[in-house]
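Student: Okay, here's the structure, questions in a sec.
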Amino acid sequence: MKMATKQITKLFAAMVLAGFASHSFAADTIKIGIAGPKTGPLTQYGDMQFAGAKMAIEQINAKGGVDGKKLEAVDYDDACDPKQAVAVANKVVNDGIKYVVGHLCSSSTQPASDIYEDEGIIMITPAATGPEITARGYKMIFRTIGLDSAQGPAAGNYIADHVKPKVVAVLHDKQQYGEGIASAVKKTLEDKGIKVAVFEGVNAGEKDYSSVIAKLKQANVDFVYYGGYHPELGLILRQAKEKGLNAKFMGPEGVGNESISQIAQGASEGLLVTLPKAFDADPENKALVDAFAAKKQDPTGPFVFPAYAAVEVIAGGIEQAKSEDPAKVAEAIHKGTFKTPTGNLKFDTKGDVEDFKFVVYEWHFGKPKTEVSPQ
């Protein structure tokens with residue numbers, strides 16, 4: 001009996017030591033959750049976010065990490081689904097992670113951000129552009145991309161001042177991101193004296209858009225703005241061409257994906273898209289672009305560099321705060337300026353990056369897009 005007790009004591013001691021060893025190992029890394037779609041129809045955008053964030057983590061670690069600690073990426077798949085995003089956010093909390101790069105879709109980012117704010121977790125989205133996300137006075141929520149309240153007017157002003165269409169339609173996918181930016185474009189056009197003849201939502205995931213295309217033809221529409229993502233617009237473009245709708249199309253960064261050309265084929269030629277400026281074309285970012293190329297990763301996606309920048313802001317915030325306490329780091333982020341491949345980033349009181357610019361590009365089937373914004 002004494003022997004059994006002694007063995008139990010030894011086993012307990014071993015378990016305690018193992019626990020301390022495990023805790024010691026965990027304390028030597030700073031975990032950053034990366035939350036976005038790894039499955040579902042928008043995985044291409046998730047790929048951009050994961051690639052950008054992980055490249056930043058790798059390069060920061062190669063330079064010695066943050067205050068002597070290495071960064072560690074922890075992937076979470078929310079499939080751009082709001083319910084799944086809430087489940088992911090709760091798992092982040094349970095996993096004890098204090099910093100998140102993500103989420104990607106605005107409709108997923110908003111409910112997840114409620115949880116992060118309540119639990120004292122810093123979240124920096126490199127992709128969600130819905131203004132509502134940062135309009136609630138939260139202290140822990142940031143983004144390294146612009147807002148639809150800026151992207152919508154950029155598109156609307158370009159349409160009014162440079163395209164000058166006769167009859168305009170504005171469509172959207174009835175979701176927070178798509179309808180929000182479509183509404184911003186509609187308001188900008190109407191403020192410029194351009195009547196929107198058709199303003200209508202379509203159902204995301206549908207395969208047949210013949211009824212809305214018929215309505216556009218009946219109204220003699222010659223320009224269509226679409227708020228939403230590339231899977232739906234790709235089908236609308238292809239079906240519009242097949243049905244003889246002769247109109248120019250435009251969309252936000254959510255359609256700026258090479259997959260739209262795979263879906264629409266030649267019907268994607270001439271599509272106008274608002275995107276963040278091409279950070280990969282900046283000569284100062286050549287070494288970083290080469291690093292992506294060495295991994296056979298595409299650095300041209302709209303969310304790659306903002307995701308990289310999000311990690312740099314977290315790392316810089318920890319260094320400036322001289323603490324890993326998220327509240328202190330958030331305070332440092334609000335006060336600081338951070339040098340990143342997307343520029344020197346400074347945040348306003350809401351957590352939005354200041355002076356972010358969207359650029360208008362023209363899409364070319366099988367060829368690189370070209371910038372058409374006025375210089």
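Ordering of the structure tokens sets the chain letters (A, B, ...), residue numbers begin anew at 1 in every chain, and ligands are numbered from 1 in the order given.
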For Asp47 (chain A), find every residue with an atom within 10 Å (counting only C-alpha atoms), except residues of its own chain fewer than 5 positions away, and show them as a ChimeraX atom specification.

Tutor: /A:36-39,42,52,297-298,301,303-304

Student: Store the residues picked out above, limited to all heavy atoms, as a short mmCIF file (atom, residue, chain, number, x, y, z; two decimals), in the first residue's frame.

Tutor:
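Okay, part_34.cif is ready:
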```cif
data_model
loop_
_atom_site.label_atom_id
_atom_site.label_comp_id
_atom_site.auth_asym_id
_atom_site.auth_seq_id
_atom_site.Cartn_x
_atom_site.Cartn_y
_atom_site.Cartn_z
N GLY A 36 -10.91 33.06 -40.73
CA GLY A 36 -11.48 33.38 -42.04
C GLY A 36 -11.91 32.11 -42.73
O GLY A 36 -11.83 31.01 -42.17
N PRO A 37 -12.38 32.22 -43.98
CA PRO A 37 -12.89 31.04 -44.69
C PRO A 37 -11.78 30.14 -45.23
O PRO A 37 -11.00 30.55 -46.08
CB PRO A 37 -13.71 31.65 -45.83
CG PRO A 37 -13.07 32.97 -46.08
CD PRO A 37 -12.56 33.46 -44.76
N LYS A 38 -11.73 28.93 -44.70
CA LYS A 38 -10.86 27.88 -45.26
C LYS A 38 -11.70 26.89 -46.06
O LYS A 38 -11.17 26.04 -46.77
CB LYS A 38 -10.10 27.16 -44.15
CG LYS A 38 -9.12 28.06 -43.40
CD LYS A 38 -8.43 27.35 -42.26
CE LYS A 38 -7.33 26.43 -42.74
NZ LYS A 38 -6.17 27.15 -43.28
N THR A 39 -13.03 26.98 -45.90
CA THR A 39 -13.97 26.19 -46.68
C THR A 39 -15.08 27.11 -47.17
O THR A 39 -15.22 28.24 -46.68
CB THR A 39 -14.58 25.06 -45.83
OG1 THR A 39 -15.20 25.64 -44.67
CG2 THR A 39 -13.51 24.06 -45.37
N LEU A 42 -15.91 31.21 -50.59
CA LEU A 42 -15.04 32.38 -50.52
C LEU A 42 -13.64 32.04 -50.00
O LEU A 42 -12.93 32.90 -49.48
CB LEU A 42 -15.68 33.47 -49.66
CG LEU A 42 -17.05 33.94 -50.15
CD1 LEU A 42 -17.66 34.93 -49.19
CD2 LEU A 42 -16.97 34.54 -51.56
N GLY A 52 -0.96 36.14 -46.14
CA GLY A 52 -0.37 37.39 -45.70
C GLY A 52 0.01 37.37 -44.23
O GLY A 52 1.12 37.77 -43.85
N GLN A 297 3.14 31.63 -53.83
CA GLN A 297 1.91 32.30 -53.39
C GLN A 297 1.74 33.61 -54.15
O GLN A 297 2.72 34.26 -54.50
CB GLN A 297 1.97 32.59 -51.88
CG GLN A 297 1.96 31.34 -51.03
CD GLN A 297 2.13 31.64 -49.55
OE1 GLN A 297 2.66 32.68 -49.17
NE2 GLN A 297 1.68 30.72 -48.70
N ASP A 298 0.49 33.96 -54.42
CA ASP A 298 0.17 35.17 -55.18
C ASP A 298 0.02 36.36 -54.23
O ASP A 298 -0.89 36.36 -53.40
CB ASP A 298 -1.12 34.94 -55.96
CG ASP A 298 -1.52 36.14 -56.81
OD1 ASP A 298 -0.75 37.12 -56.87
OD2 ASP A 298 -2.60 36.08 -57.43
N GLY A 301 -3.51 39.59 -54.34
CA GLY A 301 -4.88 39.64 -53.82
C GLY A 301 -5.09 40.82 -52.88
O GLY A 301 -4.16 41.25 -52.18
N PHE A 303 -6.34 41.28 -50.02
CA PHE A 303 -6.26 41.13 -48.56
C PHE A 303 -4.91 40.61 -48.08
O PHE A 303 -4.71 40.44 -46.88
CB PHE A 303 -7.38 40.22 -48.07
CG PHE A 303 -8.75 40.63 -48.55
CD1 PHE A 303 -9.61 39.71 -49.13
CD2 PHE A 303 -9.16 41.95 -48.44
CE1 PHE A 303 -10.86 40.09 -49.58
CE2 PHE A 303 -10.41 42.35 -48.89
CZ PHE A 303 -11.26 41.42 -49.47
N VAL A 304 -3.98 40.32 -49.02
CA VAL A 304 -2.68 39.76 -48.63
C VAL A 304 -1.88 40.75 -47.80
O VAL A 304 -1.47 40.46 -46.67
CB VAL A 304 -1.88 39.32 -49.88
CG1 VAL A 304 -0.50 38.83 -49.47
CG2 VAL A 304 -2.62 38.22 -50.64
#
```

Student: Neighbouring residues of Leu71 (chain A) were defined as those with any atom within 10 Å, considering only C-alpha atoms; residues of the same chain fewer than 4 positions away were excluded. Please report them as a ChimeraX atom specification.

Tutor: /A:28-32,54,56-61,64-66,311,315

Student: Hey, can you spit out that residue selection with C-alpha atoms as a tab-separated table (two decimals), in the first residue's frame?

Tutor:
```
chain	number	residue	atom	x	y	z
A	28	ASP	CA	7.45	31.29	-24.92
A	29	THR	CA	5.17	31.94	-27.89
A	30	ILE	CA	2.60	34.61	-28.60
A	31	LYS	CA	-0.33	32.96	-30.32
A	32	ILE	CA	-2.20	34.85	-33.03
A	54	LYS	CA	1.56	33.76	-41.92
A	56	ALA	CA	4.36	38.29	-41.49
A	57	ILE	CA	4.63	35.84	-38.61
A	58	GLU	CA	7.43	33.96	-40.39
A	59	GLN	CA	9.39	37.11	-41.18
A	60	ILE	CA	8.96	38.63	-37.71
A	61	ASN	CA	10.13	35.35	-36.17
A	64	GLY	CA	13.94	37.37	-33.46
A	65	GLY	CA	10.20	37.57	-32.78
A	66	VAL	CA	8.59	40.04	-30.41
A	311	VAL	CA	0.25	41.09	-37.76
A	315	ALA	CA	3.65	42.94	-32.93
```

Student: So which residues touch region 161-175 of chain A within 7 Å, counting only C-alpha atoms, skipping near sequence neighbours fewer than 6 positions away, as a VMD selection string?

Tutor: chain A and resid 182 186 196 to 204 220 to 228

Student: Write the selection just made, keeping N, CA, C and O atoms, as a PDB file, in the first residue's frame?

Tutor:
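Saved file result-v8.pdb follows:
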```
ATOM      1  N   ALA A 182     -23.621  48.647 -51.734  1.00  0.00           N
ATOM      2  CA  ALA A 182     -24.540  49.024 -52.812  1.00  0.00           C
ATOM      3  C   ALA A 182     -25.331  50.271 -52.430  1.00  0.00           C
ATOM      4  O   ALA A 182     -25.537  51.174 -53.255  1.00  0.00           O
ATOM      5  N   LYS A 186     -25.404  53.859 -54.344  1.00  0.00           N
ATOM      6  CA  LYS A 186     -26.681  54.458 -54.753  1.00  0.00           C
ATOM      7  C   LYS A 186     -26.797  55.892 -54.232  1.00  0.00           C
ATOM      8  O   LYS A 186     -27.169  56.812 -54.974  1.00  0.00           O
ATOM      9  N   VAL A 196     -31.065  56.150 -59.991  1.00  0.00           N
ATOM     10  CA  VAL A 196     -30.854  54.698 -60.055  1.00  0.00           C
ATOM     11  C   VAL A 196     -32.186  54.064 -60.448  1.00  0.00           C
ATOM     12  O   VAL A 196     -33.148  54.070 -59.665  1.00  0.00           O
ATOM     13  N   ALA A 197     -32.247  53.535 -61.659  1.00  0.00           N
ATOM     14  CA  ALA A 197     -33.507  53.014 -62.205  1.00  0.00           C
ATOM     15  C   ALA A 197     -33.937  51.723 -61.537  1.00  0.00           C
ATOM     16  O   ALA A 197     -35.137  51.471 -61.372  1.00  0.00           O
ATOM     17  N   VAL A 198     -32.960  50.883 -61.172  1.00  0.00           N
ATOM     18  CA  VAL A 198     -33.259  49.596 -60.535  1.00  0.00           C
ATOM     19  C   VAL A 198     -32.337  49.440 -59.324  1.00  0.00           C
ATOM     20  O   VAL A 198     -31.124  49.539 -59.456  1.00  0.00           O
ATOM     21  N   PHE A 199     -32.925  49.198 -58.158  1.00  0.00           N
ATOM     22  CA  PHE A 199     -32.149  48.876 -56.946  1.00  0.00           C
ATOM     23  C   PHE A 199     -32.774  47.613 -56.378  1.00  0.00           C
ATOM     24  O   PHE A 199     -33.908  47.637 -55.901  1.00  0.00           O
ATOM     25  N   GLU A 200     -32.050  46.512 -56.451  1.00  0.00           N
ATOM     26  CA  GLU A 200     -32.676  45.224 -56.146  1.00  0.00           C
ATOM     27  C   GLU A 200     -31.667  44.234 -55.578  1.00  0.00           C
ATOM     28  O   GLU A 200     -30.490  44.240 -55.937  1.00  0.00           O
ATOM     29  N   GLY A 201     -32.154  43.380 -54.679  1.00  0.00           N
ATOM     30  CA  GLY A 201     -31.331  42.320 -54.119  1.00  0.00           C
ATOM     31  C   GLY A 201     -31.542  41.006 -54.840  1.00  0.00           C
ATOM     32  O   GLY A 201     -32.645  40.715 -55.328  1.00  0.00           O
ATOM     33  N   VAL A 202     -30.474  40.223 -54.917  1.00  0.00           N
ATOM     34  CA  VAL A 202     -30.553  38.867 -55.458  1.00  0.00           C
ATOM     35  C   VAL A 202     -30.124  37.917 -54.346  1.00  0.00           C
ATOM     36  O   VAL A 202     -29.509  38.314 -53.357  1.00  0.00           O
ATOM     37  N   ASN A 203     -30.446  36.649 -54.509  1.00  0.00           N
ATOM     38  CA  ASN A 203     -30.123  35.664 -53.489  1.00  0.00           C
ATOM     39  C   ASN A 203     -28.748  35.058 -53.735  1.00  0.00           C
ATOM     40  O   ASN A 203     -28.489  34.495 -54.797  1.00  0.00           O
ATOM     41  N   ALA A 204     -27.876  35.201 -52.743  1.00  0.00           N
ATOM     42  CA  ALA A 204     -26.547  34.589 -52.842  1.00  0.00           C
ATOM     43  C   ALA A 204     -26.699  33.077 -52.964  1.00  0.00           C
ATOM     44  O   ALA A 204     -27.530  32.474 -52.296  1.00  0.00           O
ATOM     45  N   ASN A 220     -33.645  49.181 -70.007  1.00  0.00           N
ATOM     46  CA  ASN A 220     -32.597  49.720 -70.889  1.00  0.00           C
ATOM     47  C   ASN A 220     -31.338  50.153 -70.111  1.00  0.00           C
ATOM     48  O   ASN A 220     -30.716  51.180 -70.414  1.00  0.00           O
ATOM     49  N   VAL A 221     -30.999  49.373 -69.103  1.00  0.00           N
ATOM     50  CA  VAL A 221     -29.842  49.677 -68.266  1.00  0.00           C
ATOM     51  C   VAL A 221     -28.550  49.523 -69.073  1.00  0.00           C
ATOM     52  O   VAL A 221     -28.371  48.540 -69.802  1.00  0.00           O
ATOM     53  N   ASP A 222     -27.667  50.505 -68.968  1.00  0.00           N
ATOM     54  CA  ASP A 222     -26.374  50.395 -69.644  1.00  0.00           C
ATOM     55  C   ASP A 222     -25.198  50.349 -68.661  1.00  0.00           C
ATOM     56  O   ASP A 222     -24.039  50.254 -69.064  1.00  0.00           O
ATOM     57  N   PHE A 223     -25.524  50.421 -67.337  1.00  0.00           N
ATOM     58  CA  PHE A 223     -24.468  50.276 -66.333  1.00  0.00           C
ATOM     59  C   PHE A 223     -25.059  49.595 -65.099  1.00  0.00           C
ATOM     60  O   PHE A 223     -26.138  49.966 -64.626  1.00  0.00           O
ATOM     61  N   VAL A 224     -24.318  48.592 -64.578  1.00  0.00           N
ATOM     62  CA  VAL A 224     -24.774  47.838 -63.407  1.00  0.00           C
ATOM     63  C   VAL A 224     -23.678  47.833 -62.348  1.00  0.00           C
ATOM     64  O   VAL A 224     -22.546  47.409 -62.626  1.00  0.00           O
ATOM     65  N   TYR A 225     -24.026  48.301 -61.143  1.00  0.00           N
ATOM     66  CA  TYR A 225     -23.112  48.132 -60.006  1.00  0.00           C
ATOM     67  C   TYR A 225     -23.637  46.965 -59.172  1.00  0.00           C
ATOM     68  O   TYR A 225     -24.838  46.893 -58.869  1.00  0.00           O
ATOM     69  N   TYR A 226     -22.716  46.074 -58.769  1.00  0.00           N
ATOM     70  CA  TYR A 226     -23.113  44.919 -57.965  1.00  0.00           C
ATOM     71  C   TYR A 226     -22.371  44.912 -56.637  1.00  0.00           C
ATOM     72  O   TYR A 226     -21.136  44.912 -56.604  1.00  0.00           O
ATOM     73  N   GLY A 227     -23.112  44.902 -55.536  1.00  0.00           N
ATOM     74  CA  GLY A 227     -22.517  44.781 -54.210  1.00  0.00           C
ATOM     75  C   GLY A 227     -22.589  43.347 -53.735  1.00  0.00           C
ATOM     76  O   GLY A 227     -23.685  42.803 -53.550  1.00  0.00           O
ATOM     77  N   GLY A 228     -21.437  42.719 -53.569  1.00  0.00           N
ATOM     78  CA  GLY A 228     -21.411  41.319 -53.148  1.00  0.00           C
ATOM     79  C   GLY A 228     -20.093  40.676 -53.511  1.00  0.00           C
ATOM     80  O   GLY A 228     -19.061  41.353 -53.599  1.00  0.00           O
TER      81      GLY A 228
END
```

Student: Quick one: pull the distance between CA of Ile318 (chain A) and CA of Phe347 (chain A), Å, one decimal.

Tutor: 15.6 Å

Student: Find the residues near Asp352 (chain A): any atom within 9 Å, counting only C-alpha atoms, skip ones fewer than 3 places away on the same chain, and give them as a ChimeraX atom specification.

Tutor: /A:134,141-147,346-349

Student: Taking all heavy atoms for each residue, export the selection above as an mmCIF file, in the first residue's frame.

Tutor:
```
data_model
loop_
_atom_site.group_PDB
_atom_site.id
_atom_site.type_symbol
_atom_site.label_atom_id
_atom_site.label_comp_id
_atom_site.auth_asym_id
_atom_site.auth_seq_id
_atom_site.Cartn_x
_atom_site.Cartn_y
_atom_site.Cartn_z
ATOM 1 N N THR A 134 -16.915 49.003 -36.652
ATOM 2 C CA THR A 134 -16.137 49.889 -35.774
ATOM 3 C C THR A 134 -16.939 51.111 -35.323
ATOM 4 O O THR A 134 -16.364 52.057 -34.799
ATOM 5 C CB THR A 134 -14.856 50.359 -36.496
ATOM 6 O OG1 THR A 134 -15.209 50.841 -37.796
ATOM 7 C CG2 THR A 134 -13.853 49.231 -36.638
ATOM 8 N N ILE A 141 -11.128 46.480 -31.211
ATOM 9 C CA ILE A 141 -11.411 46.105 -32.600
ATOM 10 C C ILE A 141 -10.792 47.116 -33.556
ATOM 11 O O ILE A 141 -11.012 48.325 -33.442
ATOM 12 C CB ILE A 141 -12.939 46.018 -32.844
ATOM 13 C CG1 ILE A 141 -13.598 45.110 -31.782
ATOM 14 C CG2 ILE A 141 -13.228 45.550 -34.250
ATOM 15 C CD1 ILE A 141 -13.025 43.695 -31.702
ATOM 16 N N PHE A 142 -10.025 46.602 -34.523
ATOM 17 C CA PHE A 142 -9.329 47.441 -35.498
ATOM 18 C C PHE A 142 -9.483 46.839 -36.886
ATOM 19 O O PHE A 142 -9.916 45.708 -37.055
ATOM 20 C CB PHE A 142 -7.826 47.523 -35.159
ATOM 21 C CG PHE A 142 -7.530 48.045 -33.781
ATOM 22 C CD1 PHE A 142 -7.518 47.190 -32.689
ATOM 23 C CD2 PHE A 142 -7.257 49.395 -33.572
ATOM 24 C CE1 PHE A 142 -7.244 47.663 -31.410
ATOM 25 C CE2 PHE A 142 -6.983 49.879 -32.305
ATOM 26 C CZ PHE A 142 -6.973 49.011 -31.222
ATOM 27 N N ARG A 143 -9.071 47.622 -37.907
ATOM 28 C CA ARG A 143 -8.969 47.050 -39.255
ATOM 29 C C ARG A 143 -7.860 47.755 -40.032
ATOM 30 O O ARG A 143 -7.560 48.920 -39.808
ATOM 31 C CB ARG A 143 -10.295 47.096 -40.006
ATOM 32 C CG ARG A 143 -10.810 48.451 -40.360
ATOM 33 C CD ARG A 143 -12.106 48.336 -41.157
ATOM 34 N NE ARG A 143 -13.195 49.041 -40.509
ATOM 35 C CZ ARG A 143 -14.477 48.716 -40.647
ATOM 36 N NH1 ARG A 143 -14.834 47.716 -41.421
ATOM 37 N NH2 ARG A 143 -15.425 49.402 -40.031
ATOM 38 N N THR A 144 -7.285 47.004 -40.966
ATOM 39 C CA THR A 144 -6.194 47.534 -41.796
ATOM 40 C C THR A 144 -6.641 47.709 -43.241
ATOM 41 O O THR A 144 -5.816 47.722 -44.158
ATOM 42 C CB THR A 144 -4.959 46.616 -41.734
ATOM 43 O OG1 THR A 144 -5.359 45.268 -42.016
ATOM 44 C CG2 THR A 144 -4.295 46.676 -40.366
ATOM 45 N N ILE A 145 -7.937 47.825 -43.429
ATOM 46 C CA ILE A 145 -8.504 48.091 -44.755
ATOM 47 C C ILE A 145 -9.503 49.221 -44.600
ATOM 48 O O ILE A 145 -9.903 49.548 -43.477
ATOM 49 C CB ILE A 145 -9.159 46.817 -45.346
ATOM 50 C CG1 ILE A 145 -9.402 46.979 -46.856
ATOM 51 C CG2 ILE A 145 -10.444 46.458 -44.601
ATOM 52 C CD1 ILE A 145 -9.716 45.679 -47.563
ATOM 53 N N GLY A 146 -9.912 49.827 -45.701
ATOM 54 C CA GLY A 146 -10.854 50.937 -45.639
ATOM 55 C C GLY A 146 -12.284 50.483 -45.438
ATOM 56 O O GLY A 146 -12.589 49.286 -45.366
ATOM 57 N N LEU A 147 -13.182 51.436 -45.384
ATOM 58 C CA LEU A 147 -14.601 51.182 -45.120
ATOM 59 C C LEU A 147 -15.429 51.317 -46.396
ATOM 60 O O LEU A 147 -15.056 52.027 -47.324
ATOM 61 C CB LEU A 147 -15.138 52.176 -44.086
ATOM 62 C CG LEU A 147 -14.785 51.949 -42.617
ATOM 63 C CD1 LEU A 147 -13.320 52.218 -42.341
ATOM 64 C CD2 LEU A 147 -15.658 52.841 -41.730
ATOM 65 N N LYS A 346 -1.890 54.619 -38.983
ATOM 66 C CA LYS A 346 -2.326 55.272 -37.751
ATOM 67 C C LYS A 346 -3.838 55.070 -37.664
ATOM 68 O O LYS A 346 -4.529 55.103 -38.685
ATOM 69 C CB LYS A 346 -1.968 56.754 -37.789
ATOM 70 C CG LYS A 346 -2.222 57.483 -36.476
ATOM 71 C CD LYS A 346 -1.621 58.880 -36.519
ATOM 72 C CE LYS A 346 -1.911 59.639 -35.213
ATOM 73 N NZ LYS A 346 -1.433 58.927 -34.025
ATOM 74 N N PHE A 347 -4.328 54.841 -36.454
ATOM 75 C CA PHE A 347 -5.735 54.483 -36.281
ATOM 76 C C PHE A 347 -6.501 55.597 -35.592
ATOM 77 O O PHE A 347 -5.968 56.284 -34.705
ATOM 78 C CB PHE A 347 -5.850 53.185 -35.471
ATOM 79 C CG PHE A 347 -5.250 52.002 -36.172
ATOM 80 C CD1 PHE A 347 -3.895 51.718 -36.021
ATOM 81 C CD2 PHE A 347 -6.001 51.196 -36.991
ATOM 82 C CE1 PHE A 347 -3.314 50.645 -36.676
ATOM 83 C CE2 PHE A 347 -5.435 50.119 -37.656
ATOM 84 C CZ PHE A 347 -4.093 49.845 -37.497
ATOM 85 N N ASP A 348 -7.759 55.762 -36.003
ATOM 86 C CA ASP A 348 -8.598 56.763 -35.342
ATOM 87 C C ASP A 348 -9.209 56.166 -34.073
ATOM 88 O O ASP A 348 -8.937 55.015 -33.709
ATOM 89 C CB ASP A 348 -9.657 57.315 -36.301
ATOM 90 C CG ASP A 348 -10.676 56.264 -36.763
ATOM 91 O OD1 ASP A 348 -10.799 55.205 -36.096
ATOM 92 O OD2 ASP A 348 -11.361 56.504 -37.767
ATOM 93 N N THR A 349 -10.039 56.918 -33.399
ATOM 94 C CA THR A 349 -10.589 56.466 -32.117
ATOM 95 C C THR A 349 -11.485 55.247 -32.259
ATOM 96 O O THR A 349 -11.682 54.498 -31.310
ATOM 97 C CB THR A 349 -11.396 57.599 -31.453
ATOM 98 O OG1 THR A 349 -12.404 58.058 -32.363
ATOM 99 C CG2 THR A 349 -10.485 58.768 -31.084
#
```

Student: Which residue is closest to Ser259 (chain A)? Choose from A:Tyr45, A:Tyr76, A:Lys187, A:Gly205 and count only C-alpha atoms.

Tutor: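 Counting only C-alpha atoms, the residue closest to Ser259 (chain A) is A:Tyr45.
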
Student: Give me the region 106-211 of chain A side of the contact with region 355-369 of chain A, cut-off 8 Å, one line per residue showing its nearest atom pair and distance in Å at one decimal, counting only C-alpha atoms, sorted by chain and residue number, as JSON lines.

Tutor:
```
{"residue": "A:Ile145", "atom": "CA", "partner": "A:Phe356", "partner_atom": "CA", "distance": 6.8}
{"residue": "A:Gly146", "atom": "CA", "partner": "A:Phe356", "partner_atom": "CA", "distance": 5.3}
{"residue": "A:Ala150", "atom": "CA", "partner": "A:Phe358", "partner_atom": "CA", "distance": 7.7}
{"residue": "A:Gln151", "atom": "CA", "partner": "A:Phe358", "partner_atom": "CA", "distance": 6.1}
{"residue": "A:Ala154", "atom": "CA", "partner": "A:Phe358", "partner_atom": "CA", "distance": 6.9}
{"residue": "A:Ala155", "atom": "CA", "partner": "A:Val360", "partner_atom": "CA", "distance": 7.4}
{"residue": "A:Tyr158", "atom": "CA", "partner": "A:Val360", "partner_atom": "CA", "distance": 7.9}
```

Student: Can you spit out the residues from that selection as a short mmCIF file (atom, residue, chain, number, x, y, z; two decimals), in the first residue's frame, using all heavy atoms?

Tutor:
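Writing the result to out-v5.cif gives the following:
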```cif
data_model
loop_
_atom_site.label_atom_id
_atom_site.label_comp_id
_atom_site.auth_asym_id
_atom_site.auth_seq_id
_atom_site.Cartn_x
_atom_site.Cartn_y
_atom_site.Cartn_z
N ILE A 145 -7.94 47.82 -43.43
CA ILE A 145 -8.50 48.09 -44.75
C ILE A 145 -9.50 49.22 -44.60
O ILE A 145 -9.90 49.55 -43.48
CB ILE A 145 -9.16 46.82 -45.35
CG1 ILE A 145 -9.40 46.98 -46.86
CG2 ILE A 145 -10.44 46.46 -44.60
CD1 ILE A 145 -9.72 45.68 -47.56
N GLY A 146 -9.91 49.83 -45.70
CA GLY A 146 -10.85 50.94 -45.64
C GLY A 146 -12.28 50.48 -45.44
O GLY A 146 -12.59 49.29 -45.37
N ALA A 150 -16.23 54.67 -47.56
CA ALA A 150 -15.25 55.32 -48.44
C ALA A 150 -15.23 54.65 -49.81
O ALA A 150 -15.14 55.33 -50.84
CB ALA A 150 -13.86 55.28 -47.82
N GLN A 151 -15.33 53.33 -49.83
CA GLN A 151 -15.28 52.59 -51.10
C GLN A 151 -16.51 52.88 -51.97
O GLN A 151 -16.39 53.03 -53.19
CB GLN A 151 -15.17 51.08 -50.82
CG GLN A 151 -14.98 50.27 -52.08
CD GLN A 151 -14.77 48.78 -51.83
OE1 GLN A 151 -14.38 48.05 -52.74
NE2 GLN A 151 -15.03 48.31 -50.63
N ALA A 154 -16.17 56.23 -53.62
CA ALA A 154 -15.10 56.16 -54.63
C ALA A 154 -15.65 55.57 -55.92
O ALA A 154 -15.36 56.06 -57.03
CB ALA A 154 -13.93 55.33 -54.12
N ALA A 155 -16.47 54.51 -55.78
CA ALA A 155 -17.09 53.89 -56.96
C ALA A 155 -18.13 54.81 -57.58
O ALA A 155 -18.15 55.03 -58.80
CB ALA A 155 -17.72 52.56 -56.57
N TYR A 158 -16.65 57.75 -59.42
CA TYR A 158 -16.03 57.34 -60.69
C TYR A 158 -17.10 57.10 -61.75
O TYR A 158 -16.95 57.52 -62.91
CB TYR A 158 -15.18 56.09 -60.50
CG TYR A 158 -14.44 55.69 -61.76
CD1 TYR A 158 -13.20 56.25 -62.05
CD2 TYR A 158 -15.00 54.80 -62.66
CE1 TYR A 158 -12.53 55.93 -63.22
CE2 TYR A 158 -14.34 54.47 -63.83
CZ TYR A 158 -13.10 55.03 -64.11
OH TYR A 158 -12.45 54.71 -65.28
#
```

Student: Can you list, as a ChimeraX atom specification, all residues belonging to region 9-221 of chain A that DSSP tags as strand (DSSP E or B)?

Tutor: /A:29-36,66,69-77,99-102,122-125,141-143,168-172,196-201
